[in-house]
Amino acid sequence: MRGRFLARRPWLLLGALWALGGCGAGMFLHVTRVDLGDRLRLYLGGGGNSAVWLQGREALVVDVKMADFARRLKRAVETDLGRRVRRVVLTHVHGDHSGGLGVFPDVGAVLVHPRTRERLQAADRDGKLRAVPFVDVENEVRLVLGGREVRVLHFGPAHTDGDLVVYFPEEKVLVAGDLLLDGYEPYADTANGGDLLGFRRALDSLMKLDFEKAVPGHGEVVDRARAGRSRDYLAALEAAVRAQVAKGKTEDQAVAEVTLPEFPLKPLPLASSREKNVRAMYRSLEEAVRKAAP
Ligand SMILES: [Zn+2]
């Protein structure tokens with residue numbers, strides 16, 4: 001039961017992994033504040049990373065963590081930063097990023113991709129989210145908050161089918177959610193519409209943005225070159241698996257032959273690993289070949 005419970009909620013495992021010190025001791029349990037310029041405050045850890053954009057007496061929060069960490073985040077914004085949370089953006093449906101939404105009952109708008117909204121509403125059996133003022137972002141929304149631009153973008157199915165990133169052009173900062181999991185195998189959560197082939201395309205689009213710093217879904221802020229490694233890995237994986245498919249190799253042969261030691265990434269138990277990603281890529285590419293056949 002426990003296994004099945006976790007299999008359906010792999011984000012709990014992501015959390016557990018970071019709690020065990022996967023990327024810095026207690027990165028999951030300890031919340032670290034990082035200030036980027038005069039407008040952006042990051043709260044790293046305590047679930048998914050959160051970003052807070054300051055605008056006058058108000059704040060926009062990207063990802064609300066879950067449960068107690070959401071309450072701590074709200075307190076920090078109100079007490080330490082002296083702002084009221086006016087808007088929320090959810091990068092995707094996973095509970096370590098969205099679970100604390102109920103802690104913010106009086107926000108003016110919650111920006112989500114419609115697929116994320118539908119999944120949250122479907123799981124909301126006790127009706128807690130009924131009054132949430134969801135605002136759908138299907139492709140892109142440009143906000144001007146406090147005289148500066150904030151862009152919210154969707155690049156197609158990747159980690160889930162409802163991923164959003166938030167881009168601050170003037171600051172050259174990108175908040176990427178779990179589209180970036182620095183140092184870990186990318187994770188396309190197919191149960192929530194994730195798509196590994198789409199993941200590569202999404203990262204291609206993401207790298208076209210002019211940013212210098214990126215905030216991954218978990219772990220520390222990375223520079224542009226480091227963010228690009230995730231895209232490079234998926235491009236290399238796709239090319240290597242494509243070559244296997246072209247040679248008529250089986251999925252198991254592809255697993256044996258596609259090792260890509262130049263990308264030493266850690267697995268996320270029950271969620272992602274090199275083997276799982278080779279298999280997922282193989283199936284996506286085979287399906288694409290089948291669909292293209294007359
Ligand atoms: Zn996630």
# chains A, B, ... in the order shown; residues from 1 in each chain; ligands from 1

$ residues_near_ligand --ligand "ligand 1" --cutoff "7 Å" --atoms "only C-alpha atoms and all ligand atoms" --output "list in words"
Trp11, His92, His94, His159 and Asp178 of chain A

$ residues_around --residues "Asp223 of chain A" --least-positions-apart "4" --cutoff "8 Å" --atoms "only C-alpha atoms" --output "list in words"
Glu212, Lys213, Ala214 and Ala227 of chain A

$ write_last_selection --atoms "N, CA and C atoms" --output "CSV table (one decimal), in the first residue's frame"
chain,number,residue,atom,x,y,z
A,212,GLU,N,20.0,34.8,-16.9
A,212,GLU,CA,21.4,34.6,-16.4
A,212,GLU,C,21.3,33.6,-15.2
A,213,LYS,N,20.2,33.6,-14.5
A,213,LYS,CA,20.0,32.8,-13.3
A,213,LYS,C,18.7,32.0,-13.4
A,214,ALA,N,18.7,30.8,-13.0
A,214,ALA,CA,17.5,30.0,-13.1
A,214,ALA,C,17.3,29.3,-11.7
A,227,ALA,N,22.0,25.4,-16.3
A,227,ALA,CA,20.6,25.1,-16.8
A,227,ALA,C,20.6,24.4,-18.1

$ select_by_dssp --residues "segment 3-246 of chain A" --states "helix (DSSP H, G or I)" --output "ChimeraX atom specification"
/A:3-8,10-19,67-80,95-103,114-123,190-192,196-208,224-246

$ select_by_dssp --residues "segment 53-91 of chain A" --states "strand (DSSP E or B)" --output "ChimeraX atom specification"
/A:53-55,58-62,84-89

$ write_last_selection --atoms "C-alpha atoms" --output "compact mmCIF listing (two decimals), in the first residue's frame"
# COMPACT_ATOMS: atom_id res chain seq x y z
CA TRP A 53 8.02 39.18 -6.45
CA LEU A 54 7.59 42.43 -4.55
CA GLN A 55 5.33 45.16 -5.86
CA GLU A 58 1.82 43.39 -2.43
CA ALA A 59 3.56 40.21 -3.52
CA LEU A 60 3.26 37.59 -6.23
CA VAL A 61 4.32 34.14 -5.04
CA VAL A 62 5.51 31.41 -7.40
CA ARG A 84 0.33 40.86 1.31
CA VAL A 85 0.20 37.90 -1.08
CA ARG A 86 -1.99 39.16 -3.90
CA ARG A 87 -1.21 36.71 -6.69
CA VAL A 88 0.04 33.13 -6.87
CA VAL A 89 1.52 31.22 -9.81

$ residues_around --residues "Gly183 of chain A" --least-positions-apart "2" --cutoff "7 Å" --atoms "only C-alpha atoms" --output "list in words"
Leu181, Glu185, Leu265 and Lys266 of chain A

$ write_last_selection --atoms "all heavy atoms" --output "PDB file, in the first residue's frame"
ATOM      1  N   LEU A 181      15.740  20.141 -12.693  1.00  0.00           N
ATOM      2  CA  LEU A 181      16.059  19.433 -11.443  1.00  0.00           C
ATOM      3  C   LEU A 181      17.560  19.241 -11.483  1.00  0.00           C
ATOM      4  O   LEU A 181      18.054  18.227 -11.956  1.00  0.00           O
ATOM      5  CB  LEU A 181      15.355  18.081 -11.382  1.00  0.00           C
ATOM      6  CG  LEU A 181      13.840  18.079 -11.211  1.00  0.00           C
ATOM      7  CD1 LEU A 181      13.299  16.657 -11.308  1.00  0.00           C
ATOM      8  CD2 LEU A 181      13.435  18.702  -9.881  1.00  0.00           C
ATOM      9  N   GLU A 185      18.177  13.114 -12.886  1.00  0.00           N
ATOM     10  CA  GLU A 185      17.527  12.705 -14.131  1.00  0.00           C
ATOM     11  C   GLU A 185      16.208  13.465 -14.283  1.00  0.00           C
ATOM     12  O   GLU A 185      15.409  13.502 -13.339  1.00  0.00           O
ATOM     13  CB  GLU A 185      17.203  11.204 -14.094  1.00  0.00           C
ATOM     14  CG  GLU A 185      18.383  10.287 -14.349  1.00  0.00           C
ATOM     15  CD  GLU A 185      18.813  10.237 -15.810  1.00  0.00           C
ATOM     16  OE1 GLU A 185      17.996  10.545 -16.695  1.00  0.00           O
ATOM     17  OE2 GLU A 185      19.984   9.888 -16.050  1.00  0.00           O
ATOM     18  N   LEU A 265      23.997  11.913 -13.866  1.00  0.00           N
ATOM     19  CA  LEU A 265      22.849  12.469 -13.145  1.00  0.00           C
ATOM     20  C   LEU A 265      22.324  11.446 -12.148  1.00  0.00           C
ATOM     21  O   LEU A 265      22.315  10.249 -12.419  1.00  0.00           O
ATOM     22  CB  LEU A 265      21.742  12.848 -14.133  1.00  0.00           C
ATOM     23  CG  LEU A 265      22.131  13.912 -15.161  1.00  0.00           C
ATOM     24  CD1 LEU A 265      21.069  14.038 -16.243  1.00  0.00           C
ATOM     25  CD2 LEU A 265      22.333  15.258 -14.472  1.00  0.00           C
ATOM     26  N   LYS A 266      21.869  11.956 -11.013  1.00  0.00           N
ATOM     27  CA  LYS A 266      21.350  11.046  -9.979  1.00  0.00           C
ATOM     28  C   LYS A 266      19.905  10.658 -10.303  1.00  0.00           C
ATOM     29  O   LYS A 266      19.142  11.478 -10.822  1.00  0.00           O
ATOM     30  CB  LYS A 266      21.395  11.732  -8.608  1.00  0.00           C
ATOM     31  CG  LYS A 266      22.803  11.878  -8.061  1.00  0.00           C
ATOM     32  CD  LYS A 266      22.797  12.643  -6.757  1.00  0.00           C
ATOM     33  CE  LYS A 266      23.563  13.929  -6.933  1.00  0.00           C
ATOM     34  NZ  LYS A 266      23.438  14.921  -5.937  1.00  0.00           N
TER      35      LYS A 266
END

$ residues_around --residues "Leu180 of chain A" --least-positions-apart "4" --cutoff "8 Å" --atoms "only C-alpha atoms" --output "tab-separated table (two decimals) with N, CA, C and O atoms, in the first residue's frame"
chain	number	residue	atom	x	y	z
A	176	ALA	N	11.85	28.03	-12.87
A	176	ALA	CA	11.58	26.96	-13.84
A	176	ALA	C	10.73	25.82	-13.29
A	176	ALA	O	10.34	24.94	-14.05
A	186	PRO	N	15.96	14.07	-15.44
A	186	PRO	CA	14.67	14.73	-15.65
A	186	PRO	C	13.54	13.72	-15.42
A	186	PRO	O	13.71	12.53	-15.66
A	215	VAL	N	16.03	29.35	-11.28
A	215	VAL	CA	15.65	28.74	-10.00
A	215	VAL	C	15.02	27.39	-10.33
A	215	VAL	O	13.94	27.34	-10.92
A	216	PRO	N	15.72	26.27	-10.01
A	216	PRO	CA	15.13	24.96	-10.28
A	216	PRO	C	13.99	24.68	-9.29
A	216	PRO	O	13.82	25.41	-8.31
A	217	GLY	N	13.25	23.60	-9.54
A	217	GLY	CA	12.16	23.23	-8.63
A	217	GLY	C	12.65	22.89	-7.24
A	217	GLY	O	11.94	23.09	-6.25
A	227	ALA	N	22.00	25.40	-16.32
A	227	ALA	CA	20.62	25.11	-16.75
A	227	ALA	C	20.65	24.42	-18.12
A	227	ALA	O	19.90	23.49	-18.38
A	230	SER	N	20.82	20.44	-18.70
A	230	SER	CA	19.62	19.58	-18.73
A	230	SER	C	19.13	19.43	-20.16
A	230	SER	O	18.76	18.35	-20.60

$ residues_around --residues "Glu171 of chain A" --least-positions-apart "5" --cutoff "9 Å" --atoms "only C-alpha atoms" --output "NGL selection string"
:A and (36-37 or 39-40 or 211-213)

$ closest_residue --among "A:Gln121, A:Tyr167, A:Ala188, A:Ala239" --to "Met207 of chain A" --atoms "only C-alpha atoms"
A:Tyr167

$ residues_around --residues "Val137 of chain A" --least-positions-apart "3" --cutoff "7 Å" --atoms "only C-alpha atoms" --output "VMD selection string"
chain A and resid 111 to 114 140 to 141

$ write_last_selection --atoms "C-alpha atoms" --output "mmCIF file, in the first residue's frame"
data_model
loop_
_atom_site.group_PDB
_atom_site.id
_atom_site.type_symbol
_atom_site.label_atom_id
_atom_site.label_comp_id
_atom_site.auth_asym_id
_atom_site.auth_seq_id
_atom_site.Cartn_x
_atom_site.Cartn_y
_atom_site.Cartn_z
ATOM 1 C CA LEU A 111 -2.376 31.654 -12.297
ATOM 2 C CA VAL A 112 -2.244 28.052 -13.501
ATOM 3 C CA HIS A 113 -2.200 26.094 -16.696
ATOM 4 C CA PRO A 114 -5.750 24.764 -17.322
ATOM 5 C CA GLU A 140 1.671 33.017 -22.163
ATOM 6 C CA VAL A 141 0.639 35.948 -20.003
#

$ closest_residue --among "A:Gly48, A:Gly102, A:Gly194, A:Gly228" --to "Gly127 of chain A" --atoms "only C-alpha atoms"
A:Gly102

$ closest_residue --among "A:Glu286, A:Asp106, A:Asp136, A:Asp195" --to "Leu234 of chain A" --atoms "only C-alpha atoms"
A:Asp195

$ residues_around --residues "Val278 of chain A" --least-positions-apart "3" --cutoff "9 Å" --atoms "only C-alpha atoms" --output "list in words"
Leu237, Glu238, Val241, Glu251, Ala254, Val255, Val258, Thr259, Ser273, Arg274, Glu275, Met281, Tyr282 and Arg283 of chain A

$ write_last_selection --atoms "N, CA, C and O atoms" --output "PDB file, in the first residue's frame"
ATOM      1  N   LEU A 237      20.297  12.343 -25.253  1.00  0.00           N
ATOM      2  CA  LEU A 237      19.508  11.127 -25.027  1.00  0.00           C
ATOM      3  C   LEU A 237      18.626  10.847 -26.242  1.00  0.00           C
ATOM      4  O   LEU A 237      18.571   9.721 -26.745  1.00  0.00           O
ATOM      5  N   GLU A 238      17.975  11.897 -26.727  1.00  0.00           N
ATOM      6  CA  GLU A 238      17.085  11.723 -27.879  1.00  0.00           C
ATOM      7  C   GLU A 238      17.877  11.241 -29.103  1.00  0.00           C
ATOM      8  O   GLU A 238      17.465  10.301 -29.786  1.00  0.00           O
ATOM      9  N   VAL A 241      19.024   7.546 -28.606  1.00  0.00           N
ATOM     10  CA  VAL A 241      17.926   6.576 -28.691  1.00  0.00           C
ATOM     11  C   VAL A 241      17.389   6.530 -30.117  1.00  0.00           C
ATOM     12  O   VAL A 241      17.057   5.467 -30.638  1.00  0.00           O
ATOM     13  N   GLU A 251      14.006  -2.176 -27.417  1.00  0.00           N
ATOM     14  CA  GLU A 251      14.078  -1.268 -26.264  1.00  0.00           C
ATOM     15  C   GLU A 251      15.172  -1.716 -25.276  1.00  0.00           C
ATOM     16  O   GLU A 251      15.948  -0.890 -24.790  1.00  0.00           O
ATOM     17  N   ALA A 254      18.521  -0.851 -26.531  1.00  0.00           N
ATOM     18  CA  ALA A 254      18.771   0.587 -26.355  1.00  0.00           C
ATOM     19  C   ALA A 254      19.194   0.891 -24.915  1.00  0.00           C
ATOM     20  O   ALA A 254      20.127   1.657 -24.679  1.00  0.00           O
ATOM     21  N   VAL A 255      18.535   0.235 -23.961  1.00  0.00           N
ATOM     22  CA  VAL A 255      18.893   0.446 -22.543  1.00  0.00           C
ATOM     23  C   VAL A 255      20.344   0.037 -22.306  1.00  0.00           C
ATOM     24  O   VAL A 255      21.095   0.722 -21.611  1.00  0.00           O
ATOM     25  N   VAL A 258      22.691   2.754 -24.562  1.00  0.00           N
ATOM     26  CA  VAL A 258      22.670   4.209 -24.330  1.00  0.00           C
ATOM     27  C   VAL A 258      23.032   4.473 -22.867  1.00  0.00           C
ATOM     28  O   VAL A 258      22.205   4.315 -21.978  1.00  0.00           O
ATOM     29  N   THR A 259      24.271   4.833 -22.634  1.00  0.00           N
ATOM     30  CA  THR A 259      24.717   5.032 -21.246  1.00  0.00           C
ATOM     31  C   THR A 259      25.044   6.496 -20.945  1.00  0.00           C
ATOM     32  O   THR A 259      24.877   6.956 -19.830  1.00  0.00           O
ATOM     33  N   SER A 273      15.082   7.619 -13.743  1.00  0.00           N
ATOM     34  CA  SER A 273      16.426   7.035 -13.745  1.00  0.00           C
ATOM     35  C   SER A 273      16.874   7.017 -15.198  1.00  0.00           C
ATOM     36  O   SER A 273      16.070   7.255 -16.100  1.00  0.00           O
ATOM     37  N   ARG A 274      18.165   6.731 -15.421  1.00  0.00           N
ATOM     38  CA  ARG A 274      18.656   6.659 -16.794  1.00  0.00           C
ATOM     39  C   ARG A 274      17.860   5.618 -17.574  1.00  0.00           C
ATOM     40  O   ARG A 274      17.390   5.874 -18.682  1.00  0.00           O
ATOM     41  N   GLU A 275      17.674   4.425 -16.955  1.00  0.00           N
ATOM     42  CA  GLU A 275      16.962   3.362 -17.676  1.00  0.00           C
ATOM     43  C   GLU A 275      15.527   3.788 -17.997  1.00  0.00           C
ATOM     44  O   GLU A 275      15.059   3.620 -19.130  1.00  0.00           O
ATOM     45  N   MET A 281      11.990   7.469 -23.732  1.00  0.00           N
ATOM     46  CA  MET A 281      12.377   8.116 -24.983  1.00  0.00           C
ATOM     47  C   MET A 281      12.198   7.148 -26.149  1.00  0.00           C
ATOM     48  O   MET A 281      11.696   7.512 -27.211  1.00  0.00           O
ATOM     49  N   TYR A 282      12.581   5.895 -25.942  1.00  0.00           N
ATOM     50  CA  TYR A 282      12.450   4.872 -26.990  1.00  0.00           C
ATOM     51  C   TYR A 282      10.987   4.753 -27.406  1.00  0.00           C
ATOM     52  O   TYR A 282      10.659   4.756 -28.597  1.00  0.00           O
ATOM     53  N   ARG A 283      10.097   4.660 -26.407  1.00  0.00           N
ATOM     54  CA  ARG A 283       8.666   4.480 -26.727  1.00  0.00           C
ATOM     55  C   ARG A 283       8.107   5.707 -27.437  1.00  0.00           C
ATOM     56  O   ARG A 283       7.330   5.585 -28.390  1.00  0.00           O
TER      57      ARG A 283
END

$ atom_distance --atom1 "atom CA of Phe155 of chain A" --atom2 "atom CA of Asn139 of chain A"
7.2 Å
